[in-house]
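my_file.cif (mmCIF, C-alpha atoms)
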data_structure
loop_
_atom_site.label_atom_id
_atom_site.label_comp_id
_atom_site.auth_asym_id
_atom_site.auth_seq_id
_atom_site.Cartn_x
_atom_site.Cartn_y
_atom_site.Cartn_z
CA MET M 238 -27.42 -13.64 24.36
CA GLY M 239 -25.43 -11.08 26.33
CA SER M 240 -23.40 -8.89 23.95
CA THR M 241 -23.03 -11.47 21.19
CA TYR M 242 -25.26 -13.18 18.60
CA VAL M 243 -27.06 -16.52 18.79
CA ILE M 244 -27.86 -18.19 15.47
CA ASN M 245 -31.49 -18.90 14.59
CA GLU M 246 -31.02 -22.01 12.46
CA GLU M 247 -34.16 -21.54 10.35
CA GLN M 248 -33.24 -17.97 9.43
CA ALA M 249 -29.58 -18.93 9.02
CA GLU M 250 -30.58 -21.54 6.45
CA THR M 251 -32.42 -18.82 4.51
CA VAL M 252 -29.27 -16.69 4.54
CA ARG M 253 -27.20 -19.62 3.23
CA ILE M 254 -29.73 -20.20 0.44
CA ILE M 255 -29.38 -16.53 -0.57
CA PHE M 256 -25.59 -16.71 -0.77
CA ASP M 257 -25.68 -20.07 -2.59
CA LEU M 258 -28.12 -18.77 -5.21
CA TYR M 259 -26.04 -15.63 -5.69
CA LEU M 260 -22.90 -17.71 -6.24
CA GLN M 261 -24.81 -19.71 -8.86
CA GLY M 262 -25.43 -16.50 -10.82
CA ALA M 263 -28.95 -15.55 -9.72
CA GLY M 264 -29.73 -11.84 -9.33
CA GLN M 265 -31.33 -10.21 -6.30
CA THR M 266 -34.81 -10.08 -7.83
CA LYS M 267 -34.64 -13.71 -8.92
CA ILE M 268 -33.50 -14.76 -5.43
CA ALA M 269 -36.40 -12.83 -3.86
CA LYS M 270 -38.89 -14.64 -6.11
CA GLU M 271 -37.31 -18.01 -5.33
CA LEU M 272 -37.53 -17.43 -1.56
CA CYS M 273 -41.21 -16.53 -1.91
CA ARG M 274 -41.76 -19.70 -3.94
CA LEU M 275 -40.02 -21.76 -1.24
CA GLY M 276 -42.07 -20.06 1.48
CA ARG M 277 -39.00 -18.85 3.39
CA LYS M 278 -39.77 -16.28 6.09
CA ASP M 279 -37.88 -13.02 6.58
CA GLY M 280 -36.73 -11.54 9.90
CA HIS M 281 -40.30 -10.40 10.69
CA GLY M 282 -41.76 -13.87 10.15
CA GLN M 283 -43.37 -12.90 6.84
CA VAL M 284 -42.95 -14.47 3.41
CA SER M 285 -42.14 -11.09 1.92
CA TRP M 286 -38.96 -10.61 -0.07
CA SER M 287 -37.61 -7.88 -2.35
CA ALA M 288 -34.37 -7.17 -4.19
CA SER M 289 -33.46 -4.52 -1.60
CA LYS M 290 -33.77 -7.05 1.26
CA ILE M 291 -31.54 -9.49 -0.58
CA GLY M 292 -29.04 -6.70 -1.23
CA ARG M 293 -28.85 -5.76 2.45
CA ILE M 294 -28.17 -9.39 3.40
CA LEU M 295 -25.42 -9.73 0.78
CA HIS M 296 -23.81 -6.51 2.07
CA ASN M 297 -23.95 -7.55 5.74
CA ALA M 298 -20.51 -8.72 6.94
CA THR M 299 -22.06 -10.01 10.18
CA TYR M 300 -22.96 -13.20 8.30
CA LYS M 301 -19.26 -14.02 7.80
CA GLY M 302 -18.46 -13.29 11.46
CA TYR M 303 -17.27 -9.69 11.16
CA ASN M 304 -18.36 -6.31 12.52
CA CYS M 305 -18.41 -3.47 10.01
CA TYR M 306 -17.52 0.10 11.04
CA LEU M 307 -17.51 3.55 9.35
CA LYS M 308 -20.80 2.89 7.53
CA SER M 309 -21.89 6.38 8.61
CA PHE M 310 -20.33 9.54 10.05
CA SER M 311 -21.34 12.81 11.73
CA ASN M 312 -21.73 15.85 9.49
CA ASN M 313 -20.16 18.19 12.06
CA TYR M 314 -19.46 18.61 15.76
CA LEU M 315 -22.52 20.76 16.55
CA GLU M 316 -25.36 19.08 14.62
CA GLN M 317 -24.12 15.48 14.97
CA LYS M 318 -26.33 14.43 12.08
CA ARG M 319 -25.49 10.95 10.83
CA ILE M 320 -24.58 10.77 7.13
CA LYS M 321 -24.61 7.43 5.32
CA ASN M 322 -21.18 6.54 3.94
CA LEU M 323 -21.67 5.26 0.37
CA ASP M 324 -18.01 4.42 -0.22
CA GLU M 325 -17.58 0.74 0.68
CA GLU M 326 -13.83 0.99 0.15
CA THR M 327 -13.55 3.00 3.39
CA TYR M 328 -15.44 0.47 5.55
CA MET M 329 -13.45 -1.22 8.31
CA TYR M 330 -14.10 -4.90 9.05
CA VAL M 331 -13.16 -6.38 12.42
CA LYS M 332 -13.53 -10.09 13.20
CA GLY M 333 -16.20 -10.65 15.87
CA ASP M 334 -16.45 -13.17 18.70
CA PHE M 335 -19.57 -14.82 17.28
CA GLU M 336 -20.15 -17.78 14.97
CA PRO M 337 -20.47 -16.97 11.24
CA ILE M 338 -23.37 -18.23 9.13
CA VAL M 339 -21.42 -18.38 5.86
CA SER M 340 -17.69 -18.78 5.35
CA GLU M 341 -15.43 -15.82 4.63
CA GLU M 342 -14.61 -17.36 1.25
CA VAL M 343 -18.29 -17.50 0.23
CA TRP M 344 -19.00 -13.96 1.48
CA ASP M 345 -15.93 -12.50 -0.25
CA LYS M 346 -16.74 -14.29 -3.52
CA CYS M 347 -20.29 -12.92 -3.43
CA SER M 348 -18.85 -9.47 -2.73
CA GLU M 349 -16.65 -9.75 -5.84
CA ILE M 350 -19.66 -10.77 -7.95
CA ARG M 351 -21.74 -7.93 -6.51
CA LYS M 352 -19.06 -5.32 -7.26
CA ALA M 353 -18.64 -6.67 -10.79
CA ARG M 354 -22.37 -6.13 -11.32
CA THR M 355 -22.29 -2.47 -10.28
CA THR M 356 -20.95 0.73 -11.78
CA LYS M 357 -20.15 4.05 -10.11
CA MET M 358 -21.71 7.37 -11.09
CA ILE M 359 -20.95 10.87 -9.82
CA VAL M 360 -23.89 12.49 -8.03
CA ASN M 361 -24.22 15.69 -5.97
CA LYS M 362 -23.25 13.95 -2.73
CA GLY M 363 -20.31 12.07 -4.25
CA GLU M 364 -20.06 8.67 -5.92
CA ARG M 365 -22.97 6.24 -5.92
CA THR M 366 -23.09 2.69 -7.19
CA TYR M 367 -25.79 1.42 -9.52
CA GLY M 368 -26.49 -2.09 -10.73
CA LYS M 369 -25.57 -3.13 -14.23
CA LYS M 370 -26.73 -6.21 -16.09
CA SER M 371 -23.97 -8.78 -16.60
CA THR M 372 -24.00 -10.40 -20.02
CA GLN M 373 -24.82 -14.08 -20.42
CA ASP M 374 -23.01 -14.23 -23.78
CA VAL M 375 -19.59 -15.84 -23.41
CA TRP M 376 -18.13 -14.05 -26.46
CA LEU M 377 -19.12 -10.62 -25.14
CA ARG M 378 -17.26 -11.43 -21.93
CA LYS M 379 -14.11 -12.46 -23.80
CA LEU M 380 -13.92 -10.16 -26.84
CA ARG M 381 -11.85 -6.99 -26.60
CA CYS M 382 -11.04 -4.78 -29.59
CA SER M 383 -7.47 -3.76 -30.40
CA CYS M 384 -8.58 -0.17 -29.71
CA GLY M 385 -9.46 -1.20 -26.14
CA SER M 386 -13.25 -1.16 -26.51
CA LYS M 387 -15.77 -3.89 -25.73
CA PHE M 388 -18.09 -5.38 -28.34
CA ARG M 389 -21.83 -5.17 -29.01
CA LYS M 390 -23.86 -8.19 -30.08
CA ASN M 391 -26.00 -7.70 -33.21
CA LYS M 392 -28.54 -10.14 -34.59
CA TRP M 393 -27.82 -10.68 -38.27
CA ARG M 394 -30.56 -13.06 -39.34
CA THR M 395 -32.39 -16.33 -38.64
CA ASN M 396 -31.25 -19.22 -40.86
CA LYS M 397 -33.36 -21.93 -42.47
CA ARG M 398 -33.05 -24.17 -39.41
CA GLY M 399 -34.45 -21.40 -37.22
CA ASP M 400 -31.12 -20.65 -35.54
CA GLU M 401 -30.30 -17.01 -34.87
CA VAL M 402 -27.00 -15.79 -36.34
CA PHE M 403 -25.11 -13.02 -34.54
CA GLY M 404 -22.20 -10.69 -35.21
CA TYR M 405 -20.10 -8.70 -32.77
CA GLN M 406 -19.19 -5.06 -33.42
CA CYS M 407 -16.68 -2.78 -31.68
CA TYR M 408 -18.55 -0.33 -29.43
CA ASN M 409 -16.05 2.39 -30.30
CA GLN M 410 -17.14 2.13 -33.95
CA VAL M 411 -20.81 2.10 -32.99
CA ASN M 412 -20.47 5.32 -30.99
CA ASN M 413 -17.76 7.19 -32.90
CA GLY M 414 -17.45 5.64 -36.35
CA SER M 415 -14.67 3.57 -37.88
CA LYS M 416 -11.14 4.82 -38.46
CA ALA M 417 -11.78 5.00 -42.25
CA PHE M 418 -15.00 6.98 -41.74
CA ARG M 419 -13.30 9.47 -39.45
CA GLU M 420 -10.34 9.87 -41.80
CA LYS M 421 -12.70 10.48 -44.74
CA ASN M 422 -14.50 13.20 -42.77
CA GLY M 423 -11.35 14.90 -41.50
CA LEU M 424 -11.71 13.71 -37.90
CA ASP M 425 -9.07 12.49 -35.46
CA THR M 426 -8.25 8.80 -36.10
CA GLU M 427 -5.96 8.05 -33.16
CA GLY M 428 -7.40 5.32 -30.93
CA TYR M 429 -9.98 4.16 -33.50
CA CYS M 430 -10.12 0.95 -35.55
CA ASP M 431 -11.41 -0.56 -38.80
CA ILE M 432 -12.17 -4.05 -37.45
CA ARG M 433 -15.20 -5.50 -39.22
CA MET M 434 -17.99 -7.24 -37.33
CA VAL M 435 -17.03 -10.74 -36.17
CA GLY M 436 -19.46 -13.55 -36.95
CA ASP M 437 -20.25 -15.92 -34.11
CA TRP M 438 -19.42 -18.89 -36.37
CA LYS M 439 -15.82 -17.65 -36.68
CA LEU M 440 -15.39 -17.63 -32.92
CA GLU M 441 -16.93 -21.10 -32.62
CA ILE M 442 -14.73 -22.60 -35.34
CA MET M 443 -11.58 -21.09 -33.78
CA ALA M 444 -12.49 -22.33 -30.31
CA LYS M 445 -13.18 -25.82 -31.60
CA LYS M 446 -9.95 -25.83 -33.59
CA ILE M 447 -7.75 -24.68 -30.72
CA PHE M 448 -9.19 -26.98 -28.07
CA GLU M 449 -9.40 -29.97 -30.39
CA GLY M 450 -5.74 -29.47 -31.30
CA ILE M 451 -4.83 -29.44 -27.62
CA TRP M 452 -7.01 -32.33 -26.46
CA SER M 453 -7.23 -34.65 -29.48
CA GLU M 454 -4.21 -36.90 -28.91
CA GLN M 455 -3.69 -39.16 -25.91
CA GLU M 456 -0.17 -37.86 -25.18
CA ARG M 457 -1.57 -34.37 -24.80
CA LYS M 458 -4.24 -35.56 -22.40
CA ASP M 459 -1.54 -37.31 -20.40
CA ALA M 460 0.57 -34.14 -20.45
CA VAL M 461 -2.29 -32.07 -19.05
CA LEU M 462 -2.92 -34.48 -16.22
CA GLU M 463 0.81 -34.89 -15.54
CA VAL M 464 1.22 -31.13 -15.12
CA TYR M 465 -1.66 -31.02 -12.65
CA ARG M 466 -0.13 -33.99 -10.80
CA LEU M 467 3.22 -32.20 -10.59
CA LEU M 468 1.53 -29.05 -9.34
CA ASN M 469 -0.11 -31.11 -6.59
CA GLU M 470 3.25 -32.67 -5.67
CA TYR M 471 5.08 -29.38 -5.28
CA TYR M 472 2.12 -27.61 -3.70
CA GLN M 473 1.94 -30.28 -0.98
CA SER M 474 5.72 -30.04 -0.43
CA ASP M 475 5.53 -26.26 -0.08
CA THR M 476 2.54 -26.54 2.24
CA LYS M 477 4.50 -28.76 4.67
CA ASN M 478 7.46 -26.35 4.62
CA ASN M 479 5.19 -23.36 5.18
CA GLN M 480 3.45 -25.07 8.10
CA ALA M 481 6.82 -25.75 9.76
CA ALA M 482 7.91 -22.14 9.23
CA ALA M 483 4.60 -20.87 10.62
CA SER M 484 4.97 -23.01 13.76
CA ALA M 485 8.50 -21.69 14.33
CA LEU M 486 7.26 -18.13 13.87
CA GLU M 487 4.43 -18.64 16.37
CA GLY M 488 7.01 -19.85 18.90
CA LYS M 489 9.11 -16.69 18.45
CA ILE M 490 6.04 -14.47 18.83
CA ALA M 491 4.94 -16.28 22.01
CA ARG M 492 8.42 -15.93 23.54
CA LEU M 493 8.57 -12.19 22.80
CA LYS M 494 5.10 -11.61 24.30
CA ASN M 495 6.19 -13.51 27.39
CA LYS M 496 9.35 -11.38 27.54
CA ILE M 497 7.26 -8.19 27.55
CA ASP M 498 5.10 -9.58 30.38
CA ASN M 499 8.28 -10.35 32.35
CA LEU M 500 9.62 -6.83 31.79
CA ILE M 501 6.37 -5.38 33.14
CA SER M 502 6.66 -7.59 36.24
CA MET M 503 10.32 -6.60 36.74
CA ARG M 504 9.45 -2.93 36.47
CA ALA M 505 6.56 -3.33 38.92
CA ASP M 506 8.89 -5.05 41.41
CA GLY M 507 11.52 -2.32 41.01
CA GLU M 508 14.12 -4.68 39.57
CA ILE M 509 14.81 -2.36 36.60
CA THR M 510 14.62 1.41 36.19
CA LYS M 511 12.03 3.24 34.11
CA GLU M 512 14.65 4.02 31.43
CA GLU M 513 15.81 0.40 31.27
CA PHE M 514 12.21 -0.79 31.02
CA LYS M 515 11.43 1.60 28.17
CA SER M 516 14.57 0.69 26.22
CA LEU M 517 14.08 -3.07 26.59
CA LYS M 518 10.35 -2.85 25.87
CA ASP M 519 10.85 -0.77 22.69
CA THR M 520 13.47 -3.21 21.38
CA THR M 521 11.28 -6.23 22.10
CA GLU M 522 8.16 -4.66 20.59
CA ALA M 523 10.06 -3.73 17.41
CA GLU M 524 11.17 -7.35 17.03
CA LEU M 525 7.65 -8.57 17.80
CA ASN M 526 6.15 -6.25 15.16
CA LYS M 527 8.60 -7.59 12.58
CA TYR M 528 7.50 -11.17 13.28
CA MET M 529 3.81 -10.18 13.28
CA GLU M 530 4.21 -8.61 9.83
CA GLU M 531 5.94 -11.76 8.61
CA LYS M 532 3.07 -13.84 10.00
CA SER M 533 0.56 -11.63 8.19
CA ARG M 534 2.41 -12.06 4.89
CA MET M 535 2.53 -15.82 5.33
CA SER M 536 -1.19 -15.87 6.09
CA GLU M 537 -2.00 -13.88 2.93
CA LEU M 538 0.17 -16.23 0.86
CA SER M 539 -1.52 -19.26 2.39
CA ASN M 540 -4.99 -17.84 1.64
CA SER M 541 -4.05 -17.05 -1.97
CA GLU M 542 -2.84 -20.63 -2.51
CA SER M 543 -5.67 -22.37 -0.67
CA GLY M 544 -7.73 -24.67 -2.84
CA MET M 545 -4.89 -25.17 -5.36
CA GLU M 546 -4.88 -28.94 -4.97
CA PHE M 547 -6.35 -30.62 -8.05
CA ASP M 548 -8.52 -33.73 -8.25
CA ILE M 549 -6.95 -35.47 -11.27
CA ASP M 550 -9.83 -37.92 -11.86
CA LYS M 551 -12.36 -35.11 -11.69
CA ILE M 552 -10.35 -32.98 -14.14
CA ARG M 553 -10.21 -35.88 -16.59
CA ALA M 554 -13.94 -36.61 -16.31
CA VAL M 555 -15.01 -32.98 -16.68
CA LEU M 556 -12.78 -32.34 -19.69
CA GLU M 557 -13.83 -35.56 -21.43
CA GLU M 558 -17.49 -34.62 -21.00
CA ALA M 559 -17.21 -30.92 -21.87
CA LEU M 560 -14.80 -31.28 -24.82
CA ASP M 561 -17.24 -33.07 -27.12
CA PHE M 562 -15.94 -32.48 -30.66
CA SER M 563 -18.89 -34.17 -32.38
CA THR M 564 -20.88 -30.91 -32.09
CA PRO M 565 -20.10 -27.64 -33.91
CA LYS M 566 -19.95 -25.64 -30.68
CA LEU M 567 -17.95 -26.17 -27.49
CA ASP M 568 -19.52 -25.86 -24.05
CA ASP M 569 -19.48 -22.22 -22.87
CA SER M 570 -18.01 -23.29 -19.53
CA ILE M 571 -14.80 -24.38 -21.29
CA ILE M 572 -14.45 -20.96 -22.95
CA ASP M 573 -15.17 -19.21 -19.65
CA LYS M 574 -12.64 -21.30 -17.75
CA PHE M 575 -9.68 -21.40 -20.13
CA VAL M 576 -9.96 -18.29 -22.35
CA SER M 577 -8.83 -15.01 -20.82
CA GLN M 578 -9.65 -12.76 -23.78
CA ILE M 579 -9.87 -12.67 -27.59
CA ILE M 580 -8.47 -9.66 -29.45
CA PRO M 581 -8.89 -9.16 -33.24
CA VAL M 582 -5.48 -8.33 -34.74
CA ASP M 583 -7.03 -7.62 -38.13
CA ASN M 584 -10.13 -8.81 -39.99
CA CYS M 585 -8.81 -12.38 -40.34
CA ARG M 586 -6.39 -12.88 -37.44
CA TYR M 587 -7.33 -13.13 -33.76
CA ARG M 588 -5.20 -13.40 -30.64
CA TRP M 589 -6.46 -15.90 -28.06
CA ASP M 590 -5.09 -15.54 -24.53
CA LEU M 591 -5.45 -18.91 -22.78
CA ASN M 592 -5.04 -19.57 -19.05
CA PHE M 593 -4.72 -23.31 -18.49
CA LEU M 594 -2.60 -22.79 -15.38
CA PRO M 595 -2.95 -20.29 -12.51
CA ASN M 596 -1.22 -16.94 -13.13
CA GLU M 597 0.09 -17.97 -16.56
CA THR M 598 -1.19 -16.97 -19.99
CA GLN M 599 -0.38 -18.54 -23.37
CA SER M 600 -1.19 -16.54 -26.51
CA LEU M 601 -2.12 -18.04 -29.87
CA ILE M 602 -2.81 -16.26 -33.15
CA CYS M 603 -5.61 -17.90 -35.13
CA LYS M 604 -6.29 -16.90 -38.74
CA VAL M 605 -9.64 -17.78 -40.32
CA GLU M 606 -10.22 -17.54 -44.07
CA GLY M 607 -13.11 -18.62 -46.25
CA ARG M 608 -16.85 -18.80 -45.80
CA LYS M 609 -18.72 -20.56 -43.02
CA ASN M 610 -19.38 -23.83 -44.86
CA ARG M 611 -15.69 -24.21 -45.76
CA ALA M 612 -13.20 -22.33 -43.60
CA ASP M 613 -9.44 -22.69 -43.22
CA ALA M 614 -7.78 -21.92 -39.90
CA THR M 615 -4.09 -21.20 -39.36
CA ILE M 616 -2.81 -21.30 -35.79
CA GLU M 617 0.54 -19.99 -34.65
CA GLU M 618 1.95 -19.76 -31.15
CA GLU M 619 3.38 -16.44 -29.96
CA ASN M 620 6.97 -17.01 -28.87
CA GLU M 621 8.62 -15.32 -25.93
CA ASP M 622 11.98 -15.56 -27.78
CA GLU M 623 11.93 -12.86 -30.45
CA ASP M 624 14.80 -14.57 -32.36
CA GLU M 625 12.73 -17.72 -32.81
CA SER M 626 10.31 -17.71 -35.72
CA PRO M 627 6.69 -18.55 -34.88
CA ARG M 628 5.56 -22.13 -35.36
CA THR M 629 2.58 -22.28 -37.70
CA TYR M 630 0.08 -25.09 -38.18
CA VAL M 631 -2.49 -25.17 -40.96
CA LEU M 632 -5.76 -27.01 -40.39
CA SER M 633 -8.94 -27.17 -42.43
CA MET M 634 -12.47 -27.68 -41.19
CA ASP M 635 -15.57 -28.60 -43.15
CA TYR M 636 -18.09 -26.85 -40.90
CA SER M 637 -21.05 -28.51 -42.58
CA ASN M 638 -20.25 -32.00 -41.28
CA ILE M 639 -17.65 -31.19 -38.62
CA SER M 640 -14.87 -33.28 -40.19
CA VAL M 641 -11.33 -32.12 -39.47
CA THR M 642 -8.14 -32.80 -41.44
CA ALA M 643 -4.66 -31.70 -40.45
CA LYS M 644 -1.86 -30.88 -42.92
CA ASN M 645 0.55 -30.69 -40.00
CA ALA M 646 -0.63 -31.90 -36.59
CA TYR M 647 -0.83 -29.19 -33.93
CA GLN M 648 2.25 -30.14 -31.89
CA SER M 649 2.55 -27.07 -29.74
CA TYR M 650 0.62 -27.93 -26.65
CA VAL M 651 0.04 -24.85 -24.50
CA LEU M 652 1.22 -26.49 -21.30
CA HIS M 653 4.48 -27.54 -22.92
CA ARG M 654 6.10 -24.23 -22.04
CA ARG M 655 5.35 -24.80 -18.37
CA LEU M 656 7.16 -28.13 -18.49
CA TYR M 657 10.00 -26.71 -20.59
CA LYS M 658 10.77 -24.13 -17.90
CA VAL M 659 11.55 -26.90 -15.43
CA GLY M 660 13.91 -28.86 -17.67
CA ARG M 661 11.84 -30.62 -20.34
CA SER M 662 12.55 -29.86 -23.98
CA SER M 663 9.54 -31.72 -25.41
CA LEU M 664 6.26 -33.32 -24.42
CA SER M 665 7.83 -36.74 -24.87
CA CYS M 666 9.79 -36.07 -21.67
CA VAL M 667 6.59 -36.40 -19.67
CA THR M 668 6.88 -40.07 -18.79
CA ALA M 669 6.84 -42.08 -15.61
CA GLU M 670 10.62 -42.59 -15.88
CA ALA M 671 11.45 -38.90 -16.44
CA PRO M 672 13.23 -37.29 -13.45
CA TYR M 673 11.31 -34.47 -11.85
CA PRO M 674 13.03 -31.22 -10.85
CA ALA M 675 13.60 -30.45 -7.20
CA GLY M 676 12.26 -26.92 -7.49
CA ARG M 677 8.69 -25.79 -7.59
CA LEU M 678 6.85 -25.48 -10.91
#
When written as structure tokens, how does the structure in this file appear?
Amino acid sequence: MGSTYVINEEQAETVRIIFDLYLQGAGQTKIAKELCRLGRKDGHGQVSWSASKIGRILHNATYKGYNCYLKSFSNNYLEQKRIKNLDEETYMYVKGDFEPIVSEEVWDKCSEIRKARTTKMIVNKGERTYGKKSTQDVWLRKLRCSCGSKFRKNKWRTNKRGDEVFGYQCYNQVNNGSKAFREKNGLDTEGYCDIRMVGDWKLEIMAKKIFEGIWSEQERKDAVLEVYRLLNEYYQSDTKNNQAAASALEGKIARLKNKIDNLISMRADGEITKEEFKSLKDTTEAELNKYMEEKSRMSELSNSESGMEFDIDKIRAVLEEALDFSTPKLDDSIIDKFVSQIIPVDNCRYRWDLNFLPNETQSLICKVEGRKNRADATIEEENEDEDESPRTYVLSMDYSNISVTAKNAYQSYVLHRRLYKVGRSSLSCVTAEAPYPAGRL
């Protein structure tokens, strides 16, 4: 209608389905098949979908309410031949005056997923992106070798129960040989490793050990939920302060804009000279630009912190359901959510980087010895204070019947350090009577 867009609700619903499915992990081909199954019509009124159509929709910023520029350019002044710009980083997005079909948050999240599923290759006309298959194996996503390489998943065998057993091998070794092999053959050994293949059972036993140690006792559960409650408390306090500051800033900006309008009127009426007008206008605009930049920074900060508020009851319910220690393997979603990466230190010791809180990582060293049916695990926490010796906890697991005994209970809860930084020296401080700090966590 006129120079803007009017939403066709039926087609808009199809677009929302596409973005929702993509957020859920479906690929473009799978989405196309699903739309055909649902009988959804495309822009031409046909039930005809392909991966390329889905890709064009996911790329189109119009659906989040933006116009996209610089998608093509002229080859030269004389020919004026349009050349497609393949570099998305150079695109310019400008917010339009029309209603979006999906939110900016959804579109941007899908864009992140799409970019993570592509790789760039050099071609004659520059760089071009190609799709790459994202792994569904949680250990492949988390494992990183000490040499910096990713891992490859190898099938070892199928056991008597019919379960497939896998091992993970450093890709650097697969492609270039181990450090020992290269040394034996007189080749350069710098940047290469001797890490043996890692059995999937080792990773599962370590994960179960670490998370069971964290979540097994009631006081630790209470500590987790208390930290989230405190985060909510200080987040809400900061939000109120930021809103007040933003309102004050908007008032300053409005007054300066009004001042510029008044200067223009005064100049038009001859009340001030051209030189006076220019001097006053430049000073006012400089001050206005300073406040506009401050507003932009506050907006970025607000966007980065949006959605930080935690639903305590939901957190408790999800963790209770997912952390079921009666089975030999934890839910993959727990590993995905709380494990940043796993790095083999040597053939028995592994560093686990855990991220229970936003923008904070806790590292644990886990040592596994013995065979699968009877393995011992030693867990030590990496200390920030180099003068303090690491705290070590020895636990044993009978993997055949999933019984766990502790020689020394795992007292070092990973969120303890967060509380310690704000004045608590132990988890026992987390009580209803304990005074809370005035600062932000």
Could you state which residues are captured by the PyMOL selection byres ((chain M and resi 529) around 12) in this file, as a ChimeraX atom specification? /M:483,486-491,493-494,522-528,530-536
Selected residues written out, C-alpha atoms, as an mmCIF file, in the frame of the given file:
data_model
loop_
_atom_site.group_PDB
_atom_site.id
_atom_site.type_symbol
_atom_site.label_atom_id
_atom_site.label_comp_id
_atom_site.auth_asym_id
_atom_site.auth_seq_id
_atom_site.Cartn_x
_atom_site.Cartn_y
_atom_site.Cartn_z
ATOM 1 C CA ALA M 483 4.600 -20.870 10.620
ATOM 2 C CA LEU M 486 7.260 -18.130 13.870
ATOM 3 C CA GLU M 487 4.430 -18.640 16.370
ATOM 4 C CA GLY M 488 7.010 -19.850 18.900
ATOM 5 C CA LYS M 489 9.110 -16.690 18.450
ATOM 6 C CA ILE M 490 6.040 -14.470 18.830
ATOM 7 C CA ALA M 491 4.940 -16.280 22.010
ATOM 8 C CA LEU M 493 8.570 -12.190 22.800
ATOM 9 C CA LYS M 494 5.100 -11.610 24.300
ATOM 10 C CA GLU M 522 8.160 -4.660 20.590
ATOM 11 C CA ALA M 523 10.060 -3.730 17.410
ATOM 12 C CA GLU M 524 11.170 -7.350 17.030
ATOM 13 C CA LEU M 525 7.650 -8.570 17.800
ATOM 14 C CA ASN M 526 6.150 -6.250 15.160
ATOM 15 C CA LYS M 527 8.600 -7.590 12.580
ATOM 16 C CA TYR M 528 7.500 -11.170 13.280
ATOM 17 C CA GLU M 530 4.210 -8.610 9.830
ATOM 18 C CA GLU M 531 5.940 -11.760 8.610
ATOM 19 C CA LYS M 532 3.070 -13.840 10.000
ATOM 20 C CA SER M 533 0.560 -11.630 8.190
ATOM 21 C CA ARG M 534 2.410 -12.060 4.890
ATOM 22 C CA MET M 535 2.530 -15.820 5.330
ATOM 23 C CA SER M 536 -1.190 -15.870 6.090
#
Could you tell me how far atom CA of M:Ser289 lies from atom CA of M:Lys346, in Å and to one decimal?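 That distance, rounded to one decimal, is 19.5 Å.
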What is the atom CA of M:Ile580-atom CA of M:Asp400 distance in Å, reported with one decimal?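 It comes out at 25.9 Å.
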Counting only C-alpha atoms, what is within 12 Å of M:Arg274, bar same-chain residues fewer than 5 positions away, as a PyMOL selection string? chain M and resi 267-269+284-286
Go through M:Glu401, M:Asn391, M:Gly385, M:Gln283 and flag the residue nearest M:Gly428, using all atoms listed in the file for the distances.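 Smallest separation from M:Gly428 among the options: M:Gly385.
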How big is the axis-aligned box around all listed atoms of stretch 440-447 of chain M once 8 Å goes on each side, and where's its centre, in Å to one decimal, as AutoDock Vina command-line options?
--center_x -12.3 --center_y -21.7 --center_z -32.8 --size_x 25.2 --size_y 24.2 --size_z 21.0
Show which residues sit within 10 Å of M:Glu342, as a list in words. Count only C-alpha atoms, and ignore same-chain residues fewer than 4 positions away. Lys301, Lys346, Cys347, Ser348 and Asn540 of chain M
Written file, previous selection with C-alpha atoms, as a PDB file, in the frame of the given file:
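Here's the written file result15.pdb:
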ATOM      1  CA  LYS M 301     -19.260 -14.020   7.800  1.00  0.00           C
ATOM      2  CA  LYS M 346     -16.740 -14.290  -3.520  1.00  0.00           C
ATOM      3  CA  CYS M 347     -20.290 -12.920  -3.430  1.00  0.00           C
ATOM      4  CA  SER M 348     -18.850  -9.470  -2.730  1.00  0.00           C
ATOM      5  CA  ASN M 540      -4.990 -17.840   1.640  1.00  0.00           C
TER       6      ASN M 540
END
Please, what distance in Å, to one decimal, runs between atom CA of M:Val375 and atom CA of M:Asp573? 6.7 Å
Determine, counting all atoms listed in the file, which protein, DNA and RNA residues have an atom within 12 Å of an atom of M:Glu250; residues of the same chain fewer than 5 positions away are not included. Present the result as a list in words.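 Non-adjacent residues within range: Ile244, Asn245, Ile255, Phe256, Asp257, Leu272, Arg277, Lys278, Asp279, Tyr300, Ile338 and Val339 of chain M.
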Please save C-alpha atoms of the selected residues as a tab-separated table (two decimals), in the frame of the given file.
chain	number	residue	atom	x	y	z
M	244	ILE	CA	-27.86	-18.19	15.47
M	245	ASN	CA	-31.49	-18.90	14.59
M	255	ILE	CA	-29.38	-16.53	-0.57
M	256	PHE	CA	-25.59	-16.71	-0.77
M	257	ASP	CA	-25.68	-20.07	-2.59
M	272	LEU	CA	-37.53	-17.43	-1.56
M	277	ARG	CA	-39.00	-18.85	3.39
M	278	LYS	CA	-39.77	-16.28	6.09
M	279	ASP	CA	-37.88	-13.02	6.58
M	300	TYR	CA	-22.96	-13.20	8.30
M	338	ILE	CA	-23.37	-18.23	9.13
M	339	VAL	CA	-21.42	-18.38	5.86
Skip M:Gln373 itself and residues of its chain fewer than 4 positions away, then list as a list in words all residues within 12 Å of it, counting only C-alpha atoms.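 In the requested form, the answer reads Gly262, Ala263, Leu377, Arg378, Lys379, Lys390, Asp569, Ser570 and Asp573 of chain M.
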Let me know the residues the PyMOL selection byres ((chain M and resi 407) around 8) catches in the file above, as a ChimeraX atom specification. /M:382,386-389,405-406,408-411,432,434
Counting all atoms listed in the file, figure out which residue out of M:Ile579, M:Ile442, M:Ile509, M:Val243 gets nearest to M:Asp334. M:Val243
